[in-house]
Structures are given as C-alpha cells and as structure tokens.
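Structure file coords_31.cif; described as mmCIF, C-alpha atoms.
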```
data_structure
#
loop_
_atom_site.label_atom_id
_atom_site.label_comp_id
_atom_site.auth_asym_id
_atom_site.auth_seq_id
_atom_site.Cartn_x
_atom_site.Cartn_y
_atom_site.Cartn_z
CA MET A 1 8.00 -29.41 14.47
CA THR A 2 11.18 -29.40 16.56
CA LEU A 3 14.30 -29.60 14.43
CA THR A 4 16.90 -32.25 15.20
CA PRO A 5 20.52 -31.05 15.55
CA GLU A 6 21.31 -32.90 12.32
CA LEU A 7 18.53 -31.21 10.35
CA ARG A 8 19.40 -27.82 11.80
CA ALA A 9 23.02 -28.25 10.71
CA ALA A 10 21.95 -29.42 7.25
CA ILE A 11 19.75 -26.35 6.73
CA VAL A 12 22.47 -23.96 7.86
CA GLN A 13 24.97 -25.63 5.52
CA SER A 14 22.50 -25.55 2.64
CA VAL A 15 22.19 -21.77 2.92
CA GLU A 16 25.98 -21.58 2.93
CA ASP A 17 26.16 -23.77 -0.18
CA GLY A 18 23.72 -21.56 -2.05
CA PHE A 19 24.99 -18.20 -0.89
CA THR A 20 27.12 -17.43 -3.94
CA ASP A 21 24.00 -17.86 -6.07
CA GLN A 22 22.06 -15.69 -3.62
CA ILE A 23 24.59 -12.86 -3.97
CA ALA A 24 24.31 -13.03 -7.77
CA TYR A 25 20.51 -13.00 -7.45
CA LEU A 26 20.64 -9.93 -5.21
CA GLN A 27 22.92 -8.17 -7.71
CA LYS A 28 20.38 -8.92 -10.43
CA LEU A 29 17.59 -7.42 -8.31
CA VAL A 30 19.64 -4.30 -7.55
CA ALA A 31 20.22 -3.78 -11.29
CA PHE A 32 16.48 -3.18 -11.81
CA ARG A 33 15.78 0.57 -11.56
CA SER A 34 12.63 0.04 -9.58
CA GLN A 35 11.76 3.50 -8.35
CA ARG A 36 8.11 4.31 -7.82
CA ALA A 37 5.96 3.44 -10.88
CA GLU A 38 8.97 1.77 -12.54
CA GLU A 39 8.64 -1.65 -10.87
CA PHE A 40 7.07 -3.50 -13.83
CA PRO A 41 10.30 -5.19 -15.04
CA ILE A 42 11.38 -6.44 -11.61
CA GLN A 43 7.90 -7.75 -10.87
CA ASP A 44 7.86 -9.52 -14.24
CA PHE A 45 11.24 -11.06 -13.40
CA LEU A 46 10.03 -12.27 -10.01
CA PHE A 47 6.81 -13.65 -11.46
CA THR A 48 8.76 -15.78 -13.93
CA ASP A 49 11.43 -16.75 -11.41
CA LEU A 50 8.98 -17.88 -8.72
CA ARG A 51 6.91 -19.75 -11.31
CA ASP A 52 10.03 -21.54 -12.52
CA ARG A 53 10.77 -22.49 -8.91
CA GLY A 54 7.49 -24.37 -8.81
CA MET A 55 5.14 -21.87 -7.19
CA VAL A 56 1.54 -21.22 -8.20
CA MET A 57 1.42 -17.60 -9.31
CA ASP A 58 -0.98 -14.72 -8.84
CA ARG A 59 -0.47 -11.25 -10.29
CA PHE A 60 -2.94 -8.42 -9.73
CA ALA A 61 -3.33 -4.66 -9.78
CA MET A 62 -4.27 -2.38 -6.92
CA ASN A 63 -7.91 -1.38 -6.61
CA GLU A 64 -8.19 2.32 -5.82
CA ALA A 65 -11.82 2.12 -4.71
CA GLU A 66 -11.16 -0.76 -2.30
CA LEU A 67 -8.13 0.95 -0.82
CA ALA A 68 -9.91 4.28 -0.43
CA ALA A 69 -12.76 2.55 1.42
CA HIS A 70 -10.45 0.94 4.01
CA GLU A 71 -9.13 2.87 7.01
CA GLY A 72 -5.63 1.52 6.33
CA GLY A 73 -5.58 2.53 2.67
CA ALA A 74 -3.80 5.65 1.45
CA PRO A 75 -4.93 8.16 -1.19
CA PHE A 76 -3.77 7.67 -4.75
CA SER A 77 -1.86 10.55 -6.33
CA ALA A 78 -0.59 11.21 -9.84
CA GLY A 79 2.66 9.42 -9.02
CA HIS A 80 1.06 6.31 -7.50
CA SER A 81 2.54 3.11 -8.95
CA ARG A 82 0.38 1.01 -11.24
CA ALA A 83 2.83 -1.89 -11.19
CA PRO A 84 1.28 -5.24 -10.20
CA ILE A 85 1.60 -7.18 -6.99
CA VAL A 86 3.10 -10.64 -7.41
CA VAL A 87 2.38 -13.59 -5.11
CA GLY A 88 4.04 -16.97 -5.37
CA ILE A 89 2.14 -19.74 -3.56
CA HIS A 90 3.64 -22.96 -2.26
CA HIS A 91 1.17 -25.73 -1.47
CA PRO A 92 2.42 -28.83 0.36
CA ARG A 93 1.26 -32.33 -0.49
CA THR A 94 -0.18 -32.59 3.02
CA GLU A 95 -1.02 -29.52 5.11
CA LYS A 96 0.56 -30.44 8.45
CA GLY A 97 2.27 -27.27 9.65
CA ARG A 98 1.36 -23.64 10.12
CA SER A 99 0.98 -21.32 7.13
CA LEU A 100 3.27 -18.36 6.57
CA ILE A 101 3.46 -15.11 4.63
CA LEU A 102 6.92 -14.07 3.45
CA GLN A 103 6.83 -10.49 2.17
CA HIS A 104 9.17 -8.00 0.57
CA HIS A 105 8.83 -4.77 -1.37
CA VAL A 106 10.71 -4.00 -4.58
CA ASP A 107 10.12 -0.24 -4.86
CA VAL A 108 13.10 1.92 -3.96
CA VAL A 109 13.56 5.62 -3.23
CA PRO A 110 15.31 7.96 -5.72
CA VAL A 111 19.10 7.84 -5.86
CA GLY A 112 19.66 11.61 -5.78
CA PRO A 113 22.70 13.09 -7.58
CA ALA A 114 24.61 10.11 -8.99
CA ASP A 115 27.93 11.96 -8.71
CA MET A 116 27.56 11.90 -4.93
CA TRP A 117 27.73 8.09 -4.93
CA GLU A 118 31.09 6.35 -4.70
CA HIS A 119 29.50 3.18 -6.12
CA ASP A 120 27.13 2.73 -9.06
CA PRO A 121 23.62 3.01 -7.54
CA TYR A 122 22.45 0.10 -9.68
CA GLY A 123 25.73 -1.79 -9.96
CA GLY A 124 25.49 -4.19 -7.03
CA GLU A 125 29.22 -3.67 -6.45
CA ILE A 126 30.91 -5.59 -3.63
CA GLU A 127 33.65 -4.13 -1.48
CA GLY A 128 34.72 -6.24 1.46
CA ASP A 129 31.62 -7.45 3.27
CA TRP A 130 29.30 -4.87 1.72
CA LEU A 131 27.13 -5.03 -1.38
CA TYR A 132 26.21 -1.54 -2.60
CA GLY A 133 23.27 -0.12 -4.50
CA ARG A 134 19.93 1.58 -4.16
CA GLY A 135 17.63 -0.97 -2.56
CA ALA A 136 20.50 -3.37 -1.83
CA ALA A 137 19.44 -3.29 1.81
CA ASP A 138 15.96 -1.76 1.63
CA MET A 139 14.84 -4.29 0.76
CA LYS A 140 16.13 -6.40 -2.10
CA ALA A 141 18.43 -8.26 0.30
CA GLY A 142 15.25 -9.36 2.09
CA ALA A 143 13.72 -10.42 -1.23
CA SER A 144 16.73 -12.64 -1.87
CA ALA A 145 16.44 -14.08 1.64
CA ASN A 146 12.77 -14.97 1.07
CA VAL A 147 13.63 -16.85 -2.11
CA PHE A 148 16.81 -18.52 -0.92
CA ALA A 149 15.55 -19.57 2.51
CA LEU A 150 13.00 -21.72 0.66
CA ALA A 151 15.65 -22.79 -1.87
CA ALA A 152 17.88 -24.00 0.97
CA LEU A 153 15.21 -26.47 2.08
CA LYS A 154 14.71 -27.65 -1.49
CA ARG A 155 18.45 -28.22 -1.92
CA ILE A 156 18.34 -30.89 0.81
CA GLY A 157 15.16 -32.49 -0.52
CA LEU A 158 12.61 -30.74 1.69
CA GLN A 159 9.76 -28.28 1.36
CA PRO A 160 7.43 -26.59 3.87
CA ALA A 161 4.60 -28.82 5.06
CA ALA A 162 2.22 -25.84 5.03
CA THR A 163 1.09 -23.17 2.61
CA VAL A 164 3.57 -20.34 2.09
CA TYR A 165 2.71 -17.09 0.32
CA LEU A 166 5.72 -15.20 -1.02
CA GLN A 167 4.37 -11.69 -1.60
CA SER A 168 6.29 -9.14 -3.66
CA VAL A 169 4.69 -5.70 -3.32
CA VAL A 170 5.18 -2.10 -4.42
CA GLU A 171 4.27 1.27 -2.85
CA GLU A 172 5.93 0.44 0.48
CA GLU A 173 7.95 3.64 0.31
CA SER A 174 4.96 5.90 -0.41
CA THR A 175 1.59 4.56 0.74
CA GLY A 176 1.74 0.97 1.98
CA ASN A 177 -1.07 0.22 -0.46
CA GLY A 178 0.67 -2.81 -1.96
CA ALA A 179 0.61 -4.73 1.30
CA MET A 180 -2.93 -3.48 1.99
CA GLN A 181 -4.08 -4.88 -1.35
CA THR A 182 -2.79 -8.37 -0.51
CA PHE A 183 -4.97 -8.25 2.60
CA LEU A 184 -7.96 -6.97 0.64
CA ARG A 185 -7.46 -9.78 -1.90
CA GLY A 186 -7.85 -12.27 0.93
CA TYR A 187 -4.32 -13.45 1.58
CA THR A 188 -3.65 -14.41 5.18
CA ALA A 189 -1.70 -17.00 7.18
CA ASP A 190 -0.83 -18.05 10.70
CA ALA A 191 2.14 -15.65 10.80
CA ALA A 192 4.12 -13.23 8.62
CA LEU A 193 7.87 -12.74 8.29
CA ILE A 194 9.24 -9.60 6.61
CA PRO A 195 13.05 -9.36 6.29
CA GLU A 196 13.49 -5.59 6.30
CA PRO A 197 17.02 -4.34 7.16
CA GLU A 198 16.56 -4.25 10.93
CA TYR A 199 20.13 -4.74 12.22
CA GLU A 200 19.58 -8.43 13.07
CA MET A 201 16.86 -7.49 15.56
CA LEU A 202 13.10 -8.02 15.76
CA VAL A 203 10.85 -4.98 15.59
CA ARG A 204 8.72 -4.76 18.73
CA ALA A 205 6.83 -1.67 17.64
CA GLY A 206 6.61 0.45 14.50
CA LEU A 207 5.24 3.97 14.38
CA GLY A 208 2.53 5.07 12.01
CA VAL A 209 3.21 7.56 9.23
CA LEU A 210 1.29 10.37 7.53
CA TRP A 211 2.15 12.02 4.21
CA PHE A 212 0.58 15.27 3.12
CA SER A 213 1.28 18.22 0.87
CA VAL A 214 0.79 21.87 1.75
CA GLU A 215 0.08 24.57 -0.82
CA VAL A 216 0.39 28.29 -0.14
CA ARG A 217 -0.69 30.93 -2.69
CA GLY A 218 0.77 34.45 -2.78
CA PHE A 219 0.44 37.68 -4.78
CA PRO A 220 3.25 38.31 -7.29
CA THR A 221 4.89 41.68 -7.88
CA HIS A 222 8.21 42.90 -9.20
CA VAL A 223 10.83 42.75 -6.45
CA ARG A 224 11.22 46.57 -6.60
CA GLU A 225 7.71 46.65 -5.11
CA MET A 226 8.20 43.61 -2.90
CA GLY A 227 6.43 45.17 0.05
CA ALA A 228 3.25 45.40 -1.99
CA GLY A 229 3.25 41.68 -2.75
CA ALA A 230 2.90 38.58 -0.64
CA ASN A 231 5.74 36.07 -0.80
CA ALA A 232 4.31 32.54 -0.78
CA ILE A 233 7.69 30.98 0.05
CA ASP A 234 8.11 33.23 3.09
CA ALA A 235 4.58 32.29 4.19
CA ALA A 236 5.40 28.60 3.74
CA TYR A 237 8.42 29.00 6.02
CA ARG A 238 6.22 30.54 8.70
CA LEU A 239 3.75 27.67 8.35
CA ILE A 240 6.54 25.09 8.63
CA GLY A 241 7.47 26.71 11.92
CA ALA A 242 3.90 26.18 13.11
CA LEU A 243 4.02 22.52 12.09
CA ARG A 244 7.20 22.15 14.16
CA GLU A 245 5.04 23.08 17.16
CA VAL A 246 2.91 19.99 16.51
CA GLU A 247 6.06 17.87 16.30
CA ALA A 248 7.29 19.25 19.63
CA ARG A 249 3.93 18.67 21.31
CA TRP A 250 3.69 15.09 20.10
CA ASN A 251 7.24 14.34 21.24
CA ALA A 252 6.37 15.77 24.67
CA GLU A 253 3.69 13.07 24.90
CA ARG A 254 6.21 10.21 24.53
CA ASP A 255 5.95 9.17 28.20
CA ASP A 256 2.33 8.21 27.53
CA HIS A 257 3.57 5.59 25.04
CA PRO A 258 5.71 2.92 26.74
CA GLU A 259 6.55 1.32 23.38
CA VAL A 260 8.95 4.24 22.71
CA ALA A 261 10.54 4.26 26.17
CA GLY A 262 14.12 5.50 26.05
CA THR A 263 13.64 7.34 22.75
CA ASP A 264 14.14 11.09 23.10
CA HIS A 265 12.61 12.13 19.78
CA PRO A 266 10.30 9.40 18.41
CA ILE A 267 8.16 11.74 16.31
CA ASN A 268 9.99 13.18 13.33
CA LEU A 269 8.39 15.69 10.98
CA ASN A 270 10.28 15.90 7.70
CA ILE A 271 9.93 18.53 4.98
CA GLY A 272 11.00 16.24 2.16
CA ARG A 273 10.43 18.46 -0.84
CA ILE A 274 9.69 22.11 -1.52
CA GLU A 275 9.09 24.09 -4.70
CA GLY A 276 7.70 27.48 -5.55
CA GLY A 277 7.80 30.61 -7.61
CA ASP A 278 8.16 31.16 -11.34
CA TRP A 279 10.86 33.79 -11.76
CA GLY A 280 13.87 34.92 -9.76
CA SER A 281 12.89 38.57 -9.95
CA SER A 282 9.21 38.12 -9.12
CA VAL A 283 7.71 37.76 -5.68
CA PRO A 284 6.60 34.10 -5.71
CA ALA A 285 2.88 33.52 -6.08
CA TRP A 286 2.90 29.91 -4.94
CA CYS A 287 4.79 27.37 -2.84
CA ARG A 288 4.18 23.67 -2.24
CA PHE A 289 5.96 21.40 0.18
CA GLN A 290 5.74 17.73 1.12
CA VAL A 291 5.56 16.57 4.74
CA ARG A 292 6.11 13.20 6.38
CA VAL A 293 5.39 12.80 10.09
CA ALA A 294 5.14 9.84 12.46
CA ILE A 295 2.33 9.00 14.89
CA TYR A 296 2.26 6.65 17.87
CA PRO A 297 0.81 3.12 17.74
CA GLY A 298 -2.82 3.09 18.75
CA GLN A 299 -3.54 6.52 17.28
CA LYS A 300 -5.96 6.91 14.38
CA ALA A 301 -4.32 8.28 11.27
CA LYS A 302 -7.30 10.38 10.16
CA GLU A 303 -7.66 11.94 13.62
CA LYS A 304 -3.98 12.88 13.80
CA PHE A 305 -4.07 14.42 10.32
CA GLN A 306 -7.08 16.49 11.36
CA GLU A 307 -5.13 17.64 14.41
CA ILE A 308 -2.40 18.89 12.07
CA VAL A 309 -4.94 20.66 9.84
CA ASP A 310 -6.60 22.32 12.84
CA HIS A 311 -3.26 23.59 14.13
CA ALA A 312 -2.21 24.90 10.71
CA MET A 313 -5.49 26.74 10.27
CA ALA A 314 -5.34 28.20 13.76
CA PHE A 315 -1.89 29.56 12.98
CA ALA A 316 -3.05 30.87 9.61
CA ARG A 317 -5.74 32.95 11.30
CA THR A 318 -3.01 34.80 13.23
CA ASP A 319 -0.91 35.51 10.13
CA ALA A 320 -1.58 38.70 8.19
CA PHE A 321 -1.23 37.01 4.79
CA LEU A 322 -2.34 33.45 5.50
CA SER A 323 -5.51 34.65 7.21
CA GLN A 324 -6.59 36.01 3.81
CA ASN A 325 -5.10 33.11 1.81
CA PRO A 326 -5.49 29.93 3.89
CA PRO A 327 -3.12 27.06 3.10
CA VAL A 328 -4.44 23.82 1.63
CA LEU A 329 -3.31 20.57 3.27
CA THR A 330 -3.90 17.38 1.28
CA GLN A 331 -3.08 13.78 2.19
CA ASN A 332 -1.17 12.32 -0.75
CA GLY A 333 0.45 9.16 0.62
CA PHE A 334 0.82 7.27 3.88
CA ASN A 335 -2.30 7.06 6.02
CA ALA A 336 -0.77 4.35 8.19
CA GLU A 337 -1.25 3.55 11.83
CA GLY A 338 1.50 2.08 13.96
CA TYR A 339 1.55 -1.38 15.50
CA ILE A 340 2.97 -3.31 18.43
CA LEU A 341 4.15 -6.91 18.35
CA GLU A 342 2.89 -8.24 21.65
CA PRO A 343 5.47 -10.54 23.28
CA GLY A 344 4.75 -14.18 23.99
CA SER A 345 3.71 -15.56 20.60
CA GLU A 346 5.02 -18.95 19.54
CA ALA A 347 6.16 -17.40 16.27
CA GLU A 348 8.48 -15.05 18.15
CA ALA A 349 9.76 -17.90 20.33
CA LEU A 350 10.60 -20.00 17.26
CA LEU A 351 12.33 -17.08 15.55
CA GLY A 352 14.33 -16.55 18.74
CA ARG A 353 15.50 -20.18 18.62
CA ALA A 354 16.34 -19.91 14.93
CA HIS A 355 18.25 -16.68 15.42
CA GLU A 356 20.29 -18.09 18.28
CA ALA A 357 21.14 -21.17 16.21
CA ALA A 358 22.37 -18.99 13.33
CA PHE A 359 24.04 -16.17 15.26
CA GLY A 360 24.93 -17.76 18.59
CA THR A 361 23.36 -14.83 20.47
CA PRO A 362 19.87 -14.12 21.83
CA LEU A 363 17.42 -12.26 19.60
CA GLU A 364 17.02 -8.60 20.59
CA THR A 365 14.00 -6.38 19.96
CA PHE A 366 13.60 -2.66 19.38
CA MET A 367 11.21 0.09 18.32
CA THR A 368 11.58 1.78 14.94
CA PRO A 369 10.20 5.20 13.95
CA ALA A 370 10.13 4.07 10.30
CA TYR A 371 7.11 2.91 8.32
CA LEU A 372 6.79 -0.88 7.97
CA ASP A 373 4.34 -2.96 5.93
CA ALA A 374 4.23 -5.19 9.00
CA ARG A 375 1.45 -2.90 10.27
CA VAL A 376 -0.95 -4.41 7.69
CA TYR A 377 -0.53 -7.98 8.93
CA ALA A 378 -0.48 -6.98 12.59
CA LEU A 379 -3.50 -4.63 12.50
CA TYR A 380 -5.74 -6.19 9.84
CA ASN A 381 -4.73 -9.83 9.37
CA ARG A 382 -4.25 -9.87 13.17
CA ILE A 383 -1.40 -12.38 13.02
CA PRO A 384 2.05 -12.43 14.64
CA THR A 385 4.20 -10.33 12.32
CA LEU A 386 7.96 -10.67 12.55
CA CYS A 387 9.93 -7.83 10.95
CA TYR A 388 13.58 -8.87 11.13
CA GLY A 389 16.51 -8.60 8.78
CA PRO A 390 20.18 -7.89 8.06
CA LYS A 391 22.58 -5.13 8.98
CA SER A 392 22.72 -2.23 6.56
CA ARG A 393 24.02 1.27 6.21
CA ALA A 394 22.87 4.44 4.44
CA ILE A 395 19.42 3.20 3.45
CA HIS A 396 17.72 6.04 1.53
CA GLY A 397 21.16 7.69 1.38
CA PHE A 398 24.26 7.64 -0.78
CA ASP A 399 26.11 4.31 -1.07
CA GLU A 400 23.36 2.26 0.55
CA ALA A 401 24.76 -1.18 1.38
CA VAL A 402 23.96 -4.49 3.05
CA SER A 403 26.35 -6.70 5.00
CA LEU A 404 26.75 -10.03 3.20
CA THR A 405 27.83 -11.83 6.36
CA SER A 406 24.69 -10.59 8.09
CA LEU A 407 22.48 -11.46 5.11
CA LYS A 408 23.78 -15.03 5.07
CA LYS A 409 23.08 -15.53 8.77
CA ILE A 410 19.63 -13.93 8.46
CA THR A 411 18.83 -16.30 5.58
CA GLN A 412 19.98 -19.24 7.71
CA SER A 413 17.81 -18.06 10.60
CA MET A 414 14.82 -17.65 8.27
CA ALA A 415 15.26 -21.10 6.77
CA LEU A 416 15.39 -22.62 10.25
CA PHE A 417 12.28 -20.68 11.26
CA ILE A 418 10.35 -21.77 8.17
CA ALA A 419 11.29 -25.40 8.73
CA GLU A 420 10.14 -25.33 12.35
CA TRP A 421 7.05 -23.13 11.91
CA CYS A 422 5.72 -24.82 8.78
CA GLY A 423 7.18 -28.26 9.32
CA THR A 424 8.83 -30.06 6.41
CA GLU A 425 8.03 -32.86 4.03
CA SER A 426 10.15 -34.55 1.38
CA LEU A 427 9.96 -33.27 -2.17
#
```

Rewrite the coordinates I just gave you, this time as structure tokens.
Amino acid sequence: MTLTPELRAAIVQSVEDGFTDQIAYLQKLVAFRSQRAEEFPIQDFLFTDLRDRGMVMDRFAMNEAELAAHEGGAPFSAGHSRAPIVVGIHHPRTEKGRSLILQHHVDVVPVGPADMWEHDPYGGEIEGDWLYGRGAADMKAGASANVFALAALKRIGLQPAATVYLQSVVEEESTGNGAMQTFLRGYTADAALIPEPEYEMLVRAGLGVLWFSVEVRGFPTHVREMGAGANAIDAAYRLIGALREVEARWNAERDDHPEVAGTDHPINLNIGRIEGGDWGSSVPAWCRFQVRVAIYPGQKAKEKFQEIVDHAMAFARTDAFLSQNPPVLTQNGFNAEGYILEPGSEAEALLGRAHEAAFGTPLETFMTPAYLDARVYALYNRIPTLCYGPKSRAIHGFDEAVSLTSLKKITQSMALFIAEWCGTESL
C-alpha cells in the first residue's frame, strides 16, 4: 500500500499529538526495576495494557528443554529469568497486507553504584531533550514506540490490515532465550521491526556473542608461606592474558569478513566480573571470572567456544600450576550467532521511505558489535529483520538517556512503515 501525501501527513501529526502520552508511558516503564529475573511486574503491566488496547493476548514461560535442544538456544544458569514472555496480537477484519513482528525487551542491566548517577536510575527524569534512567534507551523507548506507533494509526481511525505480533521478551541482555522462545512457540511474520537504540540507523550486520565462566582452583596457605601455595587469582590473570591472544587472532581475521569493513577492533573480549579468595591474609584457593566475547556472522557459536577452550587448555599445559589444576570453562549465557541483513528487501526499501519522510534524510546502515535479538528472526524465522531506533547515550552506563526528539521521529517513521507494509483499514 502506497501512502498518499495526506495520509502520510496525518500519521506524522498523530504521533505528534500522542507524544506527551508516550513520554509519560516511557517514564512508567522506566520506573519498573526490571533487572534480570525481576521482570514480572513490567510484563504484567504490558499484558494488561496491550489487552486493554484491544489485542489478543498470549503469555508463556520459557521451555528449558526446547531451548537447550536448539542451536540458537543458550544454557540456563541459576540467575536465568523465569519471567514470562508477553505477546499482543492484532488481527485485522480482512487480511490484506503483510504481517509484522514488533519486538522489544524489558530486561535491563544492573545500575551499578547509585551514587555515581546524576539522575535517579528509575526516575525517568527529563532534562532538555533527554529522558534519563536505566533502560530508558535500551530499550524501553523502543517499547513505547511499538505501542504508540500502533496507537497513532488508531487515533486517526485506522488499524493495520494484516496480523501484527507485539512481542515483549526478557533475557535479551543475558541469553537471547526470550526471542528464541517466541520462534519455538511458532510466531513468525513477513518481516520484523525491532526499535533498539541504533542512532537512527538500520543495522546491516550484528555480531554473535558468547558468554562463559572460567573457574581456577588454587592451594591456600598463610601469606608468610606464599611461595608454598598456589594463588588462584594470579593464575586467573595469566589465563586472561591467554584469552587476549584469541581476541587478537580473531581481530586479525577481520579482512575475511566484509560486513565489518572499516572497523579496527570488531571482536571485543570483556572480563565482566571477577571474584575469588576467602581471606585477605590467605593465598586464594579459587577464582572465577565471567567472559563475554563476540564472533563474526556466519561462524558457529559452539565451534568458536570450543576454539576458546582448546586455546585455554593449550596454555594451561605450559603453566606450572594450571597444568596440574586445569581451568574449567562453562557456557552460562549467550550462545548466539551473528547475522547479516542482506540489502534489497522490500521491507528495507519501505523503511527507507518512511525514515526519509520523518527525518528528511536518507536512511543509513551500519554494523554493530553488540548482541541483538534480531539474529533470531534473521537466522531462524528467515525474514527481513529491521533493527532501527533512536539516539541514545550511556546505555549500560551511568545516566543512560534517550533523545526525545529522536524517539518522536523514530515513532513517526515506524508508524509510516507499519501503515505501508501492513496496509490499513478503518476501525
């Protein structure tokens, strides 16, 4: 369905008319403390809200056995969320257009020391053009855009003339299992649109991600006899150095992957958490650390993890202590492969038109080294998957914020895209 200039203008104005309500809605979402395993209240809120907006609702738990059996599933750990997935379903009176998945995640990363924030992490405070709070950008702004892009059509007496699935998931920040479970439940469509905070650009390629923990055991002694012991923390540091060799080798292979052209350091290995020892005056007997590392699109997650294990064990055999006490590497989160959005789809062309109508500039694309749930829809649903959203700053950091001007234009662009992709019919 090609939009007339009059309809395009009416949709853009409708988003404008509803934007004050959208800001208040986003502030309400930010107020939910929805860190991992704490997403029950926000999912309950969204279930009720989408139901009250006229959607047919589905709410379901993740199935560990199903996820473990699929190559795109990630291992469960003690901290894995048990919060439900919520899907709101819009059915048209007559199915004339193309179906669409709108997706967002509601889980957020920890806030860290609250005294290092200038703004209340859960306050949704506004200063100038920026709305602050943990998850304000990543990605509760996108959740508000999903809801209010559809609301903008309703405000002018229209609704999509195709089935739309609005999917609210958890575990995006840890495993990607929430999005995987929607696929395993059977949800699919002709395209997917995920408004992550992507600086008003479309993601052309997203890297895969692996999570794993490493445990090193030592032999404790009093520090006066330190030479007779084996310091597990020191051994862990040596092992981290060996893992950096894998990171360097993988980055040296970047020219073999044109999707990351122009990126000097696409593969980042992060030691995100470390703990060890029991007493300040004892040689530590144990150390555990958490690792996150990227892999290139097209690479198999299990194979790349095995490459890491092989390298770690080869290093351990050369180390006087580790050769006698080999480290244990365990996947405990992301087991996700990367994806590429191949150019030329009609979905991308329509989003390009919608973006230009809202922003007045052509739609740009880029590669991101971050994890994206878009990989599920691209790799397993095998549908055009458009990851595209507002400007942000400090996501995962202190004083995370989203630009309200950008969010409004993104919502306008999304509403235009939905109207053209799905077609419209009167309420």

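Pairwise distance (CA of Glu16 in chain A, CA of Gly142 in chain A) equals 16.3 Å.
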
Review point. Using all atoms listed in the file, which residue out of A:Gln27, A:Asn251, A:Gln299, A:Asn381 lies closest to Ala136 in chain A?
Key: A:Gln27

**Study point:** Shell around range 264-266 of chain A at 9 Å using only C-alpha atoms, local window under 5 positions removed, as a list of chain:residue names
**Key:** A:Leu207, A:Ala248, A:Trp250, A:Asn251, A:Ala252, A:Arg254, A:Ala294, A:Ile295, A:Tyr296, A:Thr368, A:Pro369

Review point. Hey, which of A:Trp421, A:Glu307, A:Glu253, A:Gly178 ends up closest to Ala349 in chain A? Count all atoms listed in the file.
Key: A:Trp421

**Study point:** Shell around range 36-40 of chain A at 12 Å using only C-alpha atoms, local window under 2 positions removed, as a count of residues only
**Key:** 41

Review point. Neighbours of range 94-101 of chain A within 12 Å (all atoms listed in the file; same-chain residues fewer than 5 positions away dropped), as a PyMOL selection string?
Key: chain A and resi 1-2+87-89+146+150+159-168+179+182-183+187-195+346-347+374+376-377+381+383-387+414+417-427

Practice item. Specify as an MDAnalysis selection string each residue included when the PyMOL selection byres ((chain A and resi 137) around 12) is applied to this file. Key: chainID A and resid 26:27 29:30 104:109 124 130:136 138:145 195:199 389:397 399:404 406:407

Would you save the residues of that selection, restricted to C-alpha atoms, as an mmCIF file, in the frame of the given file?
```
data_model
loop_
_atom_site.group_PDB
_atom_site.id
_atom_site.type_symbol
_atom_site.label_atom_id
_atom_site.label_comp_id
_atom_site.auth_asym_id
_atom_site.auth_seq_id
_atom_site.Cartn_x
_atom_site.Cartn_y
_atom_site.Cartn_z
ATOM 1 C CA LEU A 26 20.640 -9.930 -5.210
ATOM 2 C CA GLN A 27 22.920 -8.170 -7.710
ATOM 3 C CA LEU A 29 17.590 -7.420 -8.310
ATOM 4 C CA VAL A 30 19.640 -4.300 -7.550
ATOM 5 C CA HIS A 104 9.170 -8.000 0.570
ATOM 6 C CA HIS A 105 8.830 -4.770 -1.370
ATOM 7 C CA VAL A 106 10.710 -4.000 -4.580
ATOM 8 C CA ASP A 107 10.120 -0.240 -4.860
ATOM 9 C CA VAL A 108 13.100 1.920 -3.960
ATOM 10 C CA VAL A 109 13.560 5.620 -3.230
ATOM 11 C CA GLY A 124 25.490 -4.190 -7.030
ATOM 12 C CA TRP A 130 29.300 -4.870 1.720
ATOM 13 C CA LEU A 131 27.130 -5.030 -1.380
ATOM 14 C CA TYR A 132 26.210 -1.540 -2.600
ATOM 15 C CA GLY A 133 23.270 -0.120 -4.500
ATOM 16 C CA ARG A 134 19.930 1.580 -4.160
ATOM 17 C CA GLY A 135 17.630 -0.970 -2.560
ATOM 18 C CA ALA A 136 20.500 -3.370 -1.830
ATOM 19 C CA ASP A 138 15.960 -1.760 1.630
ATOM 20 C CA MET A 139 14.840 -4.290 0.760
ATOM 21 C CA LYS A 140 16.130 -6.400 -2.100
ATOM 22 C CA ALA A 141 18.430 -8.260 0.300
ATOM 23 C CA GLY A 142 15.250 -9.360 2.090
ATOM 24 C CA ALA A 143 13.720 -10.420 -1.230
ATOM 25 C CA SER A 144 16.730 -12.640 -1.870
ATOM 26 C CA ALA A 145 16.440 -14.080 1.640
ATOM 27 C CA PRO A 195 13.050 -9.360 6.290
ATOM 28 C CA GLU A 196 13.490 -5.590 6.300
ATOM 29 C CA PRO A 197 17.020 -4.340 7.160
ATOM 30 C CA GLU A 198 16.560 -4.250 10.930
ATOM 31 C CA TYR A 199 20.130 -4.740 12.220
ATOM 32 C CA GLY A 389 16.510 -8.600 8.780
ATOM 33 C CA PRO A 390 20.180 -7.890 8.060
ATOM 34 C CA LYS A 391 22.580 -5.130 8.980
ATOM 35 C CA SER A 392 22.720 -2.230 6.560
ATOM 36 C CA ARG A 393 24.020 1.270 6.210
ATOM 37 C CA ALA A 394 22.870 4.440 4.440
ATOM 38 C CA ILE A 395 19.420 3.200 3.450
ATOM 39 C CA HIS A 396 17.720 6.040 1.530
ATOM 40 C CA GLY A 397 21.160 7.690 1.380
ATOM 41 C CA ASP A 399 26.110 4.310 -1.070
ATOM 42 C CA GLU A 400 23.360 2.260 0.550
ATOM 43 C CA ALA A 401 24.760 -1.180 1.380
ATOM 44 C CA VAL A 402 23.960 -4.490 3.050
ATOM 45 C CA SER A 403 26.350 -6.700 5.000
ATOM 46 C CA LEU A 404 26.750 -10.030 3.200
ATOM 47 C CA SER A 406 24.690 -10.590 8.090
ATOM 48 C CA LEU A 407 22.480 -11.460 5.110
#
```

Quick one: residues within 10 Å of (15.7, -21.9, 18.6) (file frame), counting only C-alpha atoms, please, as a compact mmCIF listing (two decimals) with C-alpha atoms, in the frame of the given file.
```
# COMPACT_ATOMS: atom_id res chain seq x y z
CA THR A 2 11.18 -29.40 16.56
CA LEU A 3 14.30 -29.60 14.43
CA ARG A 8 19.40 -27.82 11.80
CA GLU A 348 8.48 -15.05 18.15
CA ALA A 349 9.76 -17.90 20.33
CA LEU A 350 10.60 -20.00 17.26
CA LEU A 351 12.33 -17.08 15.55
CA GLY A 352 14.33 -16.55 18.74
CA ARG A 353 15.50 -20.18 18.62
CA ALA A 354 16.34 -19.91 14.93
CA HIS A 355 18.25 -16.68 15.42
CA GLU A 356 20.29 -18.09 18.28
CA ALA A 357 21.14 -21.17 16.21
CA ALA A 358 22.37 -18.99 13.33
CA PRO A 362 19.87 -14.12 21.83
CA LEU A 363 17.42 -12.26 19.60
CA SER A 413 17.81 -18.06 10.60
CA LEU A 416 15.39 -22.62 10.25
CA PHE A 417 12.28 -20.68 11.26
CA GLU A 420 10.14 -25.33 12.35
```
